[in-house]
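J.: What follows is model_14.pdb, PDB, C-alpha atoms.
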MODEL        1
ATOM      1  CA  MET K  30      71.683  63.137  51.286
ATOM      2  CA  SER K  31      68.455  64.996  50.646
ATOM      3  CA  GLU K  32      65.342  63.391  49.219
ATOM      4  CA  GLY K  33      65.612  65.677  46.176
ATOM      5  CA  ILE K  34      69.045  64.363  45.347
ATOM      6  CA  LYS K  35      67.914  60.753  45.747
ATOM      7  CA  THR K  36      65.218  61.213  43.110
ATOM      8  CA  LEU K  37      67.708  62.279  40.437
ATOM      9  CA  ASN K  38      68.518  59.673  37.847
ATOM     10  CA  LEU K  39      72.094  59.062  36.743
ATOM     11  CA  HIS K  40      71.894  61.358  33.722
ATOM     12  CA  GLN K  41      70.537  64.184  35.878
ATOM     13  CA  LYS K  42      73.299  63.661  38.450
ATOM     14  CA  LEU K  43      75.947  63.867  35.739
ATOM     15  CA  VAL K  44      74.439  67.153  34.594
ATOM     16  CA  GLU K  45      74.744  68.475  38.151
ATOM     17  CA  ILE K  46      78.384  67.380  38.254
ATOM     18  CA  ARG K  47      79.020  69.085  34.946
ATOM     19  CA  LYS K  48      77.721  72.366  36.393
ATOM     20  CA  GLU K  49      80.663  72.320  38.821
ATOM     21  CA  ILE K  50      83.124  72.665  35.965
ATOM     22  CA  ASP K  51      83.968  76.134  34.689
ATOM     23  CA  ALA K  52      87.459  76.208  33.236
ATOM     24  CA  PHE K  53      90.774  74.493  33.755
ATOM     25  CA  THR K  54      94.248  75.987  33.911
ATOM     26  CA  LYS K  55      97.185  74.191  32.364
ATOM     27  CA  ASP K  56      99.003  73.754  35.672
ATOM     28  CA  THR K  57     101.502  70.980  34.946
ATOM     29  CA  LYS K  58     104.537  70.984  32.704
ATOM     30  CA  GLY K  59     106.221  68.150  30.846
ATOM     31  CA  PHE K  60     108.147  67.719  27.599
ATOM     32  CA  ASN K  61     108.471  71.542  27.406
ATOM     33  CA  TYR K  62     104.717  72.167  27.351
ATOM     34  CA  SER K  63     101.863  72.636  29.791
ATOM     35  CA  TYR K  64      98.760  70.567  30.331
ATOM     36  CA  VAL K  65      95.829  70.157  32.700
ATOM     37  CA  SER K  66      96.767  67.843  35.571
ATOM     38  CA  GLY K  67      94.604  64.883  36.468
ATOM     39  CA  SER K  68      94.396  66.024  40.090
ATOM     40  CA  GLN K  69      92.898  69.349  38.985
ATOM     41  CA  VAL K  70      90.225  67.581  36.934
ATOM     42  CA  LEU K  71      89.282  65.242  39.779
ATOM     43  CA  SER K  72      89.260  68.021  42.380
ATOM     44  CA  LYS K  73      86.621  69.842  40.341
ATOM     45  CA  ILE K  74      84.143  66.987  40.448
ATOM     46  CA  LYS K  75      85.005  64.660  43.348
ATOM     47  CA  ASN K  76      83.030  66.477  46.050
ATOM     48  CA  LYS K  77      79.959  66.685  43.830
ATOM     49  CA  MET K  78      80.260  63.002  42.938
ATOM     50  CA  ASP K  79      80.361  62.175  46.655
ATOM     51  CA  GLU K  80      77.402  64.443  47.373
ATOM     52  CA  LEU K  81      75.257  62.947  44.619
ATOM     53  CA  GLY K  82      76.384  59.362  45.095
ATOM     54  CA  VAL K  83      77.995  58.808  41.692
ATOM     55  CA  LEU K  84      80.776  56.274  41.164
ATOM     56  CA  LEU K  85      83.149  55.885  38.235
ATOM     57  CA  TYR K  86      84.683  52.482  37.534
ATOM     58  CA  PRO K  87      87.409  51.831  34.948
ATOM     59  CA  LYS K  88      87.491  48.426  33.238
ATOM     60  CA  THR K  89      90.311  47.312  30.961
ATOM     61  CA  GLN K  90      90.084  44.712  28.230
ATOM     62  CA  GLY K  91      92.534  43.278  25.727
ATOM     63  CA  VAL K  92      95.504  45.182  27.153
ATOM     64  CA  GLU K  93      98.704  44.316  25.320
ATOM     65  CA  HIS K  94     102.309  45.386  25.606
ATOM     66  CA  SER K  95     105.233  45.477  23.213
ATOM     67  CA  THR K  96     108.568  47.224  22.869
ATOM     68  CA  TYR K  97     109.540  50.077  20.576
ATOM     69  CA  ASP K  98     113.211  50.426  19.653
ATOM     70  CA  TYR K  99     114.553  53.746  18.427
ATOM     71  CA  LYS K 100     117.591  55.983  18.531
ATOM     72  CA  GLN K 101     117.895  59.172  20.562
ATOM     73  CA  TYR K 102     120.504  61.873  20.244
ATOM     74  CA  ASN K 103     122.746  62.170  23.301
ATOM     75  CA  LYS K 104     123.770  65.798  23.712
ATOM     76  CA  LYS K 105     126.691  64.888  25.973
ATOM     77  CA  THR K 106     128.321  62.219  23.800
ATOM     78  CA  LYS K 107     127.070  63.621  20.471
ATOM     79  CA  ASN K 108     126.037  60.087  19.537
ATOM     80  CA  MET K 109     122.744  58.392  18.713
ATOM     81  CA  ASP K 110     121.969  56.036  21.598
ATOM     82  CA  ASP K 111     119.812  52.931  21.304
ATOM     83  CA  LYS K 112     116.599  53.265  23.307
ATOM     84  CA  THR K 113     113.736  50.911  24.095
ATOM     85  CA  ASP K 114     110.302  51.972  25.270
ATOM     86  CA  PHE K 115     107.485  49.773  26.489
ATOM     87  CA  VAL K 116     104.162  50.379  24.763
ATOM     88  CA  ILE K 117     100.796  49.623  26.392
ATOM     89  CA  SER K 118      97.565  49.585  24.400
ATOM     90  CA  GLY K 119      94.072  48.203  24.839
ATOM     91  CA  ASP K 120      90.396  48.891  25.304
ATOM     92  CA  LEU K 121      89.195  50.821  28.325
ATOM     93  CA  TYR K 122      85.637  51.278  29.555
ATOM     94  CA  TYR K 123      84.484  53.900  32.037
ATOM     95  CA  ILE K 124      81.312  52.972  33.883
ATOM     96  CA  TRP K 125      79.250  55.608  35.694
ATOM     97  CA  VAL K 126      77.115  54.072  38.456
ATOM     98  CA  ASN K 127      74.297  55.602  40.483
ATOM     99  CA  ALA K 128      75.107  54.544  44.073
ATOM    100  CA  ASP K 129      71.430  55.038  45.060
ATOM    101  CA  ASN K 130      70.391  52.621  42.311
ATOM    102  CA  PRO K 131      73.431  50.478  41.376
ATOM    103  CA  SER K 132      71.593  48.846  38.481
ATOM    104  CA  GLU K 133      71.575  52.237  36.739
ATOM    105  CA  LYS K 134      74.824  52.471  34.798
ATOM    106  CA  ILE K 135      76.311  54.268  31.820
ATOM    107  CA  GLU K 136      79.255  52.564  30.095
ATOM    108  CA  ILE K 137      81.557  54.567  27.816
ATOM    109  CA  GLU K 138      84.041  52.879  25.485
ATOM    110  CA  TRP K 139      87.490  54.478  25.537
ATOM    111  CA  LYS K 140      91.089  53.604  24.633
ATOM    112  CA  LEU K 141      94.286  52.999  26.540
ATOM    113  CA  PHE K 142      97.739  54.022  25.252
ATOM    114  CA  GLY K 143     101.007  54.494  27.105
ATOM    115  CA  GLN K 144     104.702  54.566  26.275
ATOM    116  CA  GLN K 145     107.588  54.827  28.750
ATOM    117  CA  ASP K 146     111.018  53.297  29.344
ATOM    118  CA  ASP K 147     109.551  51.190  32.182
ATOM    119  CA  ILE K 148     106.539  48.912  31.677
ATOM    120  CA  SER K 149     104.860  49.863  34.978
ATOM    121  CA  LYS K 150     105.316  53.545  34.151
ATOM    122  CA  ALA K 151     103.835  52.932  30.703
ATOM    123  CA  PHE K 152     100.732  51.332  32.222
ATOM    124  CA  GLY K 153     100.385  54.076  34.828
ATOM    125  CA  SER K 154     100.860  56.765  32.207
ATOM    126  CA  ALA K 155      98.208  55.169  30.014
ATOM    127  CA  LEU K 156      95.669  55.046  32.855
ATOM    128  CA  THR K 157      96.391  58.607  33.999
ATOM    129  CA  TYR K 158      96.284  60.085  30.509
ATOM    130  CA  SER K 159      93.091  58.221  29.578
ATOM    131  CA  GLU K 160      91.265  59.222  32.760
ATOM    132  CA  ARG K 161      92.198  62.890  32.436
ATOM    133  CA  TYR K 162      91.082  63.207  28.860
ATOM    134  CA  PHE K 163      87.996  61.062  29.347
ATOM    135  CA  LEU K 164      86.750  63.446  32.036
ATOM    136  CA  LEU K 165      87.657  66.553  30.023
ATOM    137  CA  LYS K 166      85.872  65.289  26.922
ATOM    138  CA  PHE K 167      82.918  63.681  28.697
ATOM    139  CA  PHE K 168      82.034  66.909  30.509
ATOM    140  CA  ASN K 169      82.989  69.140  27.536
ATOM    141  CA  ALA K 170      85.321  70.974  29.920
ATOM    142  CA  PRO K 171      87.069  74.092  28.571
ATOM    143  CA  THR K 172      90.585  75.192  29.380
ATOM    144  CA  ASP K 173      91.133  78.841  30.185
ATOM    145  CA  ASP K 174      92.411  81.662  27.977
ATOM    146  CA  ASP K 175      95.937  81.137  29.334
ATOM    147  CA  ASP K 176      96.239  77.973  27.238
ATOM    148  CA  PRO K 177      99.536  78.567  25.421
ATOM    149  CA  ASP K 178      98.232  76.751  22.360
ATOM    150  CA  THR K 179      95.539  79.418  21.911
ATOM    151  CA  ARG K 180      97.870  82.401  22.241
ATOM    152  CA  GLN K 181      99.240  82.949  18.776
ATOM    153  CA  GLU K 182     101.611  85.723  17.818
ATOM    154  CA  SER K 183     100.988  87.381  14.477
ATOM    155  CA  PRO K 184     101.420  84.903  11.593
ATOM    156  CA  LYS K 185     103.820  87.313   9.879
ATOM    157  CA  SER K 186     106.150  87.523  12.882
ATOM    158  CA  ARG K 187     106.232  83.734  13.304
ATOM    159  CA  GLY K 188     106.193  82.687   9.682
ATOM    160  CA  VAL K 189     103.068  80.568  10.068
ATOM    161  CA  SER K 190      99.833  80.389   8.150
ATOM    162  CA  SER K 191      97.185  83.048   8.765
ATOM    163  CA  SER K 192      94.761  80.300   9.846
ATOM    164  CA  GLY K 193      96.746  79.743  13.053
ATOM    165  CA  LYS K 194      97.539  76.199  11.949
ATOM    166  CA  ALA K 195     100.952  74.738  11.290
ATOM    167  CA  THR K 196     102.312  75.483   7.824
ATOM    168  CA  GLU K 197     102.370  72.913   5.052
ATOM    169  CA  ALA K 198     106.178  72.780   5.233
ATOM    170  CA  GLN K 199     106.095  72.175   8.990
ATOM    171  CA  MET K 200     103.585  69.332   8.705
ATOM    172  CA  LYS K 201     105.500  67.816   5.774
ATOM    173  CA  PHE K 202     108.551  67.664   8.042
ATOM    174  CA  VAL K 203     106.470  65.996  10.780
ATOM    175  CA  ASN K 204     105.143  63.413   8.325
ATOM    176  CA  ASN K 205     108.622  62.620   7.058
ATOM    177  CA  LEU K 206     109.844  62.088  10.616
ATOM    178  CA  ILE K 207     106.843  59.827  11.326
ATOM    179  CA  LYS K 208     107.602  57.705   8.265
ATOM    180  CA  GLY K 209     111.120  57.253   9.605
ATOM    181  CA  LYS K 210     109.674  55.706  12.771
ATOM    182  CA  VAL K 211     107.613  53.040  10.962
ATOM    183  CA  THR K 212     108.810  49.502  11.726
ATOM    184  CA  ASP K 213     107.531  45.950  11.318
ATOM    185  CA  LYS K 214     105.888  46.303  14.722
ATOM    186  CA  PHE K 215     104.334  49.747  14.240
ATOM    187  CA  ASN K 216     102.622  51.015  11.121
ATOM    188  CA  GLU K 217     102.230  54.714  10.378
ATOM    189  CA  GLN K 218      98.851  55.080  12.104
ATOM    190  CA  GLN K 219     100.146  53.405  15.253
ATOM    191  CA  VAL K 220     103.171  55.714  15.314
ATOM    192  CA  ILE K 221     100.847  58.718  14.954
ATOM    193  CA  GLY K 222      98.670  57.423  17.801
ATOM    194  CA  LEU K 223     101.675  57.001  20.076
ATOM    195  CA  LEU K 224     103.006  60.415  19.096
ATOM    196  CA  LYS K 225      99.701  62.076  20.014
ATOM    197  CA  GLN K 226      99.756  60.281  23.343
ATOM    198  CA  ARG K 227     103.279  61.435  24.162
ATOM    199  CA  ILE K 228     102.669  65.096  23.292
ATOM    200  CA  GLU K 229      99.104  64.954  24.684
ATOM    201  CA  VAL K 230      97.255  66.105  21.574
ATOM    202  CA  THR K 231      93.975  64.466  20.578
ATOM    203  CA  LYS K 232      92.865  66.384  17.483
ATOM    204  CA  ASP K 233      93.643  65.472  13.867
ATOM    205  CA  MET K 234      97.094  66.408  12.617
ATOM    206  CA  ASN K 235      95.670  68.784  10.001
ATOM    207  CA  GLU K 236      94.286  70.853  12.906
ATOM    208  CA  TRP K 237      97.581  71.143  14.784
ATOM    209  CA  THR K 238      98.913  74.556  15.737
ATOM    210  CA  PRO K 239     102.549  75.526  15.059
ATOM    211  CA  ALA K 240     103.309  74.916  18.748
ATOM    212  CA  GLU K 241     101.867  71.404  18.615
ATOM    213  CA  ALA K 242     103.756  70.578  15.423
ATOM    214  CA  SER K 243     106.936  71.887  17.040
ATOM    215  CA  LYS K 244     106.403  69.617  20.050
ATOM    216  CA  ALA K 245     105.952  66.648  17.717
ATOM    217  CA  ILE K 246     109.145  67.487  15.832
ATOM    218  CA  LYS K 247     111.143  67.800  19.061
ATOM    219  CA  PHE K 248     109.891  64.465  20.299
ATOM    220  CA  LEU K 249     110.440  62.667  16.992
ATOM    221  CA  GLN K 250     113.981  64.020  16.824
ATOM    222  CA  GLY K 251     114.699  62.752  20.306
ATOM    223  CA  ASP K 252     114.564  66.038  22.227
ATOM    224  CA  GLY K 253     111.184  65.458  23.897
ATOM    225  CA  LYS K 254     112.196  63.191  26.785
TER     226      LYS K 254
ENDMDL
END
Using structure tokens, write down the structure that the file contains.
T.:
Amino acid sequence: MSEGIKTLNLHQKLVEIRKEIDAFTKDTKGFNYSYVSGSQVLSKIKNKMDELGVLLYPKTQGVEHSTYDYKQYNKKTKNMDDKTDFVISGDLYYIWVNADNPSEKIEIEWKLFGQQDDISKAFGSALTYSERYFLLKFFNAPTDDDDPDTRQESPKSRGVSSSGKATEAQMKFVNNLIKGKVTDKFNEQQVIGLLKQRIEVTKDMNEWTPAEASKAIKFLQGDGK
């Protein structure tokens, strides 16, 4: 490691890492949509982190688990089957450390959410999802122009609003489906949080595109697994 690199403080090193990021391609598919894979995010910055001597530690706190019972339509039997998912939630902290001066740290508070039909999968999903989106948001990383959520056909041909957002009728349908998922264990805001996690959308619902609203509807109706 050169003397010049050693003299950089942690903030300056993070800036250098950020310079390595240009754009990401949505290279992984799941639940009928595409998203940026965690391996692609890490591959963009890992070598630079090694070169500069920057470490990233995750720390969990107050992690809890519960179960979420619901019904899912079975296309083969034409019946509504009983389903149970495990839900993981808690606080997560990401700690950047300058390996050349370990006392120099930056701690970022984050969140941990995961839902799967197996508790270990739910925990793994929560960690993977949180890490991917922490890195994307921390480095203000853009996705490329091939992002399907940014390619909108003409509003007239699709019957959507001219703003590129989901129509009022579409979002009303989403909200009604969400209300149907509220239980004693999960209030409306918790259901919305879990829904966003499953369809991998972080922005407010009133900013959703027609495609994102459609993904939510499919999942809420039991077609998203």
J.: Using Å and a single decimal, report how far CA of Asn216 in chain K sits from CA of Thr113 in chain K.
T.: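 Value for the CA of Thr113 in chain K-CA of Asn216 in chain K distance: 17.1 Å.
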J.: Just so the selection is clear, what residues does the PyMOL selection byres ((chain K and resi 239-241) around 8) cover here, as a CSV table (one decimal) with C-alpha atoms, in the coordinates of the input?
T.:
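Ended up saving to expr15.csv:
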chain,number,residue,atom,x,y,z
K,178,ASP,CA,98.2,76.8,22.4
K,189,VAL,CA,103.1,80.6,10.1
K,193,GLY,CA,96.7,79.7,13.1
K,194,LYS,CA,97.5,76.2,11.9
K,195,ALA,CA,101.0,74.7,11.3
K,196,THR,CA,102.3,75.5,7.8
K,199,GLN,CA,106.1,72.2,9.0
K,228,ILE,CA,102.7,65.1,23.3
K,230,VAL,CA,97.3,66.1,21.6
K,237,TRP,CA,97.6,71.1,14.8
K,238,THR,CA,98.9,74.6,15.7
K,242,ALA,CA,103.8,70.6,15.4
K,243,SER,CA,106.9,71.9,17.0
K,244,LYS,CA,106.4,69.6,20.0
K,245,ALA,CA,106.0,66.6,17.7
J.: Could you check the closest approach to Gly91 in chain K for each of K:Ser118, K:Ser72, K:Asn108, K:Ser149 and tell me which residue wins, using only C-alpha atoms?
T.: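 Nearest candidate to Gly91 in chain K out of K:Ser118, K:Ser72, K:Asn108, K:Ser149: K:Ser118.
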J.: Run the PyMOL selection byres ((chain K and resi 33-47) around 9) mentally over the shown coordinates, then write out the matched residues as a ChimeraX atom specification, using the chain letters and numbers from the document.
T.: /K:30-32,48-51,73-75,77-78,80-83,125-127,129-130,133-135,168-170
J.: If the PyMOL selection byres ((chain K and resi 136) around 10) were run on this exact file, what residues would it hold? Put them as a PDB file with C-alpha atoms, keeping the file's coordinate frame.
T.:
ATOM      1  CA  LEU K  85      83.149  55.885  38.235  1.00  0.00           C
ATOM      2  CA  TYR K  86      84.683  52.482  37.534  1.00  0.00           C
ATOM      3  CA  PRO K  87      87.409  51.831  34.948  1.00  0.00           C
ATOM      4  CA  LYS K  88      87.491  48.426  33.238  1.00  0.00           C
ATOM      5  CA  TYR K 122      85.637  51.278  29.555  1.00  0.00           C
ATOM      6  CA  TYR K 123      84.484  53.900  32.037  1.00  0.00           C
ATOM      7  CA  ILE K 124      81.312  52.972  33.883  1.00  0.00           C
ATOM      8  CA  TRP K 125      79.250  55.608  35.694  1.00  0.00           C
ATOM      9  CA  VAL K 126      77.115  54.072  38.456  1.00  0.00           C
ATOM     10  CA  LYS K 134      74.824  52.471  34.798  1.00  0.00           C
ATOM     11  CA  ILE K 135      76.311  54.268  31.820  1.00  0.00           C
ATOM     12  CA  ILE K 137      81.557  54.567  27.816  1.00  0.00           C
ATOM     13  CA  GLU K 138      84.041  52.879  25.485  1.00  0.00           C
ATOM     14  CA  TRP K 139      87.490  54.478  25.537  1.00  0.00           C
TER      15      TRP K 139
END
J.: Extract, using only C-alpha atoms, all DNA, RNA and protein residues at most 10 Å from Val92 in chain K, discarding same-chain residues fewer than 6 positions from it, and format them as a ChimeraX atom specification.
T.: /K:117-121,140-142,152
J.: Convert the current residue selection to file output with C-alpha atoms, as a compact mmCIF listing (two decimals), in the frame of the given file.
T.:
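Saved result, selection_37.txt, follows:
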# COMPACT_ATOMS: atom_id res chain seq x y z
CA ILE K 117 100.80 49.62 26.39
CA SER K 118 97.56 49.58 24.40
CA GLY K 119 94.07 48.20 24.84
CA ASP K 120 90.40 48.89 25.30
CA LEU K 121 89.20 50.82 28.32
CA LYS K 140 91.09 53.60 24.63
CA LEU K 141 94.29 53.00 26.54
CA PHE K 142 97.74 54.02 25.25
CA PHE K 152 100.73 51.33 32.22
J.: To one decimal place, how far is CA of Lys150 in chain K from CA of Tyr102 in chain K in Å?
T.: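 Between these atoms lies a distance of 22.2 Å.
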J.: Axis-aligned box over every listed atom of range 108-119 of chain K, padded by 8 Å per side: centre and edges in Å to one decimal, as lines of an AutoDock Vina configuration file?
T.:
center_x = 110.1
center_y = 54.1
center_z = 22.6
size_x = 48.0
size_y = 27.9
size_z = 23.8
